[in-house]
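Shown next: entry_33.cif, containing mmCIF, C-alpha atoms.
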```cif
data_structure
#
loop_
_atom_site.label_atom_id
_atom_site.label_comp_id
_atom_site.auth_asym_id
_atom_site.auth_seq_id
_atom_site.Cartn_x
_atom_site.Cartn_y
_atom_site.Cartn_z
CA MET Y 10 204.39 46.68 58.72
CA SER Y 11 201.11 46.31 60.60
CA THR Y 12 197.87 46.32 58.66
CA GLU Y 13 195.76 46.85 61.74
CA GLY Y 14 193.65 49.98 61.36
CA ALA Y 15 190.97 51.69 63.41
CA ALA Y 16 188.54 48.85 62.72
CA GLY Y 17 191.14 46.08 62.81
CA PRO Y 18 192.02 43.44 65.37
CA THR Y 19 193.45 45.90 67.92
CA ALA Y 20 190.29 48.02 67.90
CA ASP Y 21 188.14 44.88 68.16
CA ALA Y 22 190.19 43.70 71.15
CA ASP Y 23 189.76 47.10 72.83
CA LEU Y 24 185.99 47.00 72.31
CA LYS Y 25 185.86 43.46 73.70
CA ALA Y 26 187.94 44.52 76.73
CA ASN Y 27 185.62 47.50 77.31
CA LYS Y 28 182.56 45.23 77.21
CA GLU Y 29 184.24 42.82 79.63
CA LEU Y 30 185.04 45.71 81.99
CA VAL Y 31 181.39 46.82 82.02
CA THR Y 32 179.98 43.31 82.43
CA GLY Y 33 182.52 42.60 85.19
CA PHE Y 34 181.49 45.76 87.02
CA ILE Y 35 177.78 45.00 86.64
CA ASP Y 36 178.29 41.51 88.04
CA ALA Y 37 180.40 42.76 90.97
CA PHE Y 38 178.37 45.87 91.80
CA TYR Y 39 174.73 45.05 91.11
CA ASN Y 40 174.58 41.27 91.28
CA ASP Y 41 177.31 40.00 93.61
CA LYS Y 42 177.48 43.08 95.89
CA ASP Y 43 181.28 42.73 95.83
CA TRP Y 44 181.95 46.33 96.81
CA ASP Y 45 185.74 46.02 96.91
CA ARG Y 46 185.91 44.56 93.39
CA ALA Y 47 183.49 47.22 92.11
CA ARG Y 48 185.72 49.99 93.55
CA GLU Y 49 188.74 48.53 91.71
CA LEU Y 50 186.94 48.88 88.37
CA LEU Y 51 186.03 52.55 88.84
CA ALA Y 52 188.33 55.49 88.24
CA GLU Y 53 189.05 57.39 91.45
CA ASP Y 54 187.29 60.47 90.05
CA PHE Y 55 184.39 58.44 88.59
CA VAL Y 56 181.41 60.65 87.69
CA ASN Y 57 177.95 59.14 88.04
CA HIS Y 58 175.22 61.26 86.44
CA HIS Y 59 172.51 59.26 88.20
CA HIS Y 60 170.60 61.72 90.39
CA GLY Y 61 171.80 61.84 93.98
CA VAL Y 62 174.98 59.82 93.54
CA GLY Y 63 177.62 62.38 92.61
CA VAL Y 64 181.33 62.15 91.98
CA GLY Y 65 183.88 59.62 93.15
CA ARG Y 66 184.11 55.86 93.24
CA ASP Y 67 183.68 55.65 97.01
CA ARG Y 68 180.57 57.83 96.99
CA THR Y 69 179.07 55.81 94.11
CA VAL Y 70 179.68 52.48 95.83
CA GLU Y 71 178.55 53.62 99.28
CA THR Y 72 175.41 55.34 97.98
CA PHE Y 73 174.27 52.24 96.08
CA ARG Y 74 175.23 49.91 98.94
CA GLU Y 75 173.21 51.94 101.45
CA GLN Y 76 170.21 52.75 99.22
CA ALA Y 77 169.82 49.49 97.30
CA GLY Y 78 172.39 46.80 98.12
CA ILE Y 79 171.62 46.45 101.82
CA PRO Y 80 167.83 47.07 101.76
CA PHE Y 81 167.38 44.92 98.62
CA PRO Y 82 169.94 42.10 98.80
CA GLN Y 83 168.37 40.33 95.82
CA PHE Y 84 168.64 43.42 93.59
CA SER Y 85 169.83 42.28 90.16
CA LEU Y 86 170.64 43.71 86.76
CA THR Y 87 170.54 41.49 83.68
CA ILE Y 88 172.12 42.72 80.46
CA VAL Y 89 169.87 42.14 77.45
CA ARG Y 90 172.22 43.66 74.86
CA ILE Y 91 175.56 45.43 74.88
CA ILE Y 92 177.20 47.71 72.30
CA ALA Y 93 180.69 49.20 72.35
CA GLU Y 94 182.13 52.00 70.26
CA GLY Y 95 185.30 53.92 70.96
CA ASP Y 96 185.57 54.57 74.70
CA GLN Y 97 181.86 54.00 75.36
CA VAL Y 98 179.77 50.94 76.19
CA TRP Y 99 175.97 50.91 76.15
CA THR Y 100 173.87 48.28 77.91
CA HIS Y 101 170.14 47.60 77.68
CA ASN Y 102 169.07 45.88 80.89
CA VAL Y 103 166.34 44.51 83.08
CA VAL Y 104 166.55 45.51 86.74
CA ARG Y 105 164.75 43.61 89.48
CA VAL Y 106 164.81 45.16 92.94
CA ALA Y 107 163.44 41.99 94.55
CA PRO Y 108 161.68 38.80 93.51
CA GLY Y 109 158.09 39.59 92.63
CA ALA Y 110 158.74 43.33 92.30
CA PRO Y 111 157.90 44.87 88.93
CA PRO Y 112 160.93 44.93 86.63
CA VAL Y 113 162.44 48.14 85.27
CA ILE Y 114 164.11 48.44 81.87
CA THR Y 115 167.25 50.56 81.84
CA ALA Y 116 169.79 51.81 79.34
CA ASP Y 117 173.22 52.64 80.71
CA LEU Y 118 176.08 54.44 79.02
CA TRP Y 119 179.57 53.91 80.42
CA ARG Y 120 182.72 55.82 79.41
CA ILE Y 121 186.04 54.05 79.86
CA ALA Y 122 189.40 55.76 80.46
CA ASP Y 123 192.71 54.07 81.24
CA GLY Y 124 191.10 50.66 81.68
CA ARG Y 125 188.55 51.80 84.28
CA LEU Y 126 185.01 53.09 84.29
CA ALA Y 127 185.22 56.88 84.26
CA GLU Y 128 181.64 58.07 83.75
CA HIS Y 129 178.04 56.76 83.77
CA TRP Y 130 174.63 57.94 82.56
CA ASP Y 131 171.34 56.03 82.71
CA VAL Y 132 167.65 56.18 81.88
CA ALA Y 133 164.89 53.91 83.17
CA GLN Y 134 161.46 52.78 82.06
CA ALA Y 135 159.03 51.16 84.47
CA VAL Y 136 157.25 48.12 83.07
CA PRO Y 137 153.53 48.93 83.33
CA ALA Y 138 151.27 46.48 85.16
CA GLY Y 139 149.95 43.93 82.69
CA ALA Y 140 152.70 44.59 80.12
CA ASP Y 141 154.68 41.68 78.71
CA LEU Y 142 158.35 42.27 79.59
CA ASP Y 143 159.49 40.07 76.71
CA GLU Y 144 157.60 42.22 74.21
CA LEU Y 145 159.31 45.33 75.58
CA ILE Y 146 162.88 44.01 75.35
CA ALA Y 147 162.86 41.40 72.57
CA ASP Y 148 164.12 41.97 69.05
CA ALA Y 149 161.46 42.34 66.37
CA PRO Y 150 160.74 39.18 64.36
#
```

Target encoding structure tokens, full file:
Amino acid sequence: MSTEGAAGPTADADLKANKELVTGFIDAFYNDKDWDRARELLAEDFVNHHHGVGVGRDRTVETFREQAGIPFPQFSLTIVRIIAEGDQVWTHNVVRVAPGAPPVITADLWRIADGRLAEHWDVAQAVPAGADLDELIADAP
């Protein structure tokens, strides 16, 4: 008889796999610009709630590629912290469009279904001129 419950080893493995899916997508999509790999990690009917992107993995990938990936080849997203619960993964990130450009802090929520990313929401905060990025993203002492 198995003693694994909702918070047991199986659930922990699922949460770890969900985090790995999200980090793998972020690396492929935002950092490596590996569009084919990014498509593989998205559900076919992926819904992106980011304004102007819409529904579908192809539309999501092509929109980002055309609006950010090609014009800003050094665009990067660095995960500061990541939390998983159930079918959702949250990331707190620093986005840099280009070297020397002001960073942006983002929080992204990803929903996973059948081992693929199914849905995405995000919010962003510009880092004001003169602000210390580390103070804005670091844990309190």

Carefully work through the PyMOL selection byres ((chain Y and resi 56) around 7) for this structure and note down the residues it includes, as number ranges by chain.
Y: 54-55, 57-58, 63-65, 127-129

Taking (173.0, 55.7, 93.2) as a centre in this file's frame and 6 Å as the limit, can you find every polymer residue with an atom that close, using only C-alpha atoms, and give them as a list in words?
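Protein, DNA and RNA residues close to (173.0, 55.7, 93.2): Val62, Thr72 and Phe73 of chain Y.
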
Find the spatial neighbours of range 36-47 of chain Y, counting all atoms listed in the file, within a cut-off of 12 Å - ignore same-chain residues fewer than 6 positions away - and output them as a ChimeraX atom specification.
/Y:29-30,53,55,66-75,77-88,102-107,125-126

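Distance-wise, CA of Asp131 in chain Y and CA of Ala116 in chain Y end up 5.6 Å apart.
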
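Take CA of Arg120 in chain Y and CA of Gly95 in chain Y: the distance between them is 9.0 Å.
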
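Note that the spacing between CA of Leu51 in chain Y and CA of Ala122 in chain Y amounts to 9.6 Å.
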
Expected selection from the PyMOL selection byres ((chain Y and resi 147) around 12), given as a list in words
Val89, Arg90, His101, Asn102, Val103, Ile114, Asp141, Leu142, Asp143, Glu144, Leu145, Ile146, Asp148, Ala149 and Pro150 of chain Y

If we count only C-alpha atoms and set the cut-off at 10 Å, which residues sit around Pro137 in chain Y, ignoring sequence neighbours fewer than 6 positions away in its own chain? Please answer as a VMD selection string.
chain Y and resid 111 to 113

I need the residue nearest Ala26 in chain Y from this list: Y:Arg48, Y:Gln97, Y:Gly139, Y:Val132. Use only C-alpha atoms for the distance.
Y:Gln97

Write range 99-110 of chain Y as an mmCIF file, in the frame of the given file, completed to N, CA and C atoms.
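Done, and the output landed in result15.cif:
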```
data_model
loop_
_atom_site.group_PDB
_atom_site.id
_atom_site.type_symbol
_atom_site.label_atom_id
_atom_site.label_comp_id
_atom_site.auth_asym_id
_atom_site.auth_seq_id
_atom_site.Cartn_x
_atom_site.Cartn_y
_atom_site.Cartn_z
ATOM 1 N N TRP Y 99 177.398 50.756 75.851
ATOM 2 C CA TRP Y 99 175.970 50.910 76.150
ATOM 3 C C TRP Y 99 175.404 49.553 76.529
ATOM 4 N N THR Y 100 174.589 49.521 77.571
ATOM 5 C CA THR Y 100 173.870 48.280 77.910
ATOM 6 C C THR Y 100 172.384 48.572 77.986
ATOM 7 N N HIS Y 101 171.606 47.592 77.571
ATOM 8 C CA HIS Y 101 170.140 47.600 77.680
ATOM 9 C C HIS Y 101 169.838 46.488 78.666
ATOM 10 N N ASN Y 102 169.127 46.793 79.754
ATOM 11 C CA ASN Y 102 169.070 45.880 80.890
ATOM 12 C C ASN Y 102 167.662 45.720 81.452
ATOM 13 N N VAL Y 103 167.524 44.688 82.248
ATOM 14 C CA VAL Y 103 166.340 44.510 83.080
ATOM 15 C C VAL Y 103 166.804 44.504 84.532
ATOM 16 N N VAL Y 104 166.225 45.406 85.325
ATOM 17 C CA VAL Y 104 166.550 45.510 86.740
ATOM 18 C C VAL Y 104 165.390 44.928 87.538
ATOM 19 N N ARG Y 105 165.742 44.134 88.537
ATOM 20 C CA ARG Y 105 164.750 43.610 89.480
ATOM 21 C C ARG Y 105 165.239 43.975 90.877
ATOM 22 N N VAL Y 106 164.433 44.746 91.586
ATOM 23 C CA VAL Y 106 164.810 45.160 92.940
ATOM 24 C C VAL Y 106 164.702 43.988 93.897
ATOM 25 N N ALA Y 107 163.672 43.161 93.694
ATOM 26 C CA ALA Y 107 163.440 41.990 94.550
ATOM 27 C C ALA Y 107 162.544 41.031 93.785
ATOM 28 N N PRO Y 108 162.581 39.749 94.155
ATOM 29 C CA PRO Y 108 161.680 38.800 93.510
ATOM 30 C C PRO Y 108 160.224 39.247 93.667
ATOM 31 N N GLY Y 109 159.494 39.194 92.583
ATOM 32 C CA GLY Y 109 158.090 39.590 92.630
ATOM 33 C C GLY Y 109 157.848 41.075 92.417
ATOM 34 N N ALA Y 110 158.889 41.889 92.538
ATOM 35 C CA ALA Y 110 158.740 43.330 92.300
ATOM 36 C C ALA Y 110 158.687 43.568 90.797
#
```
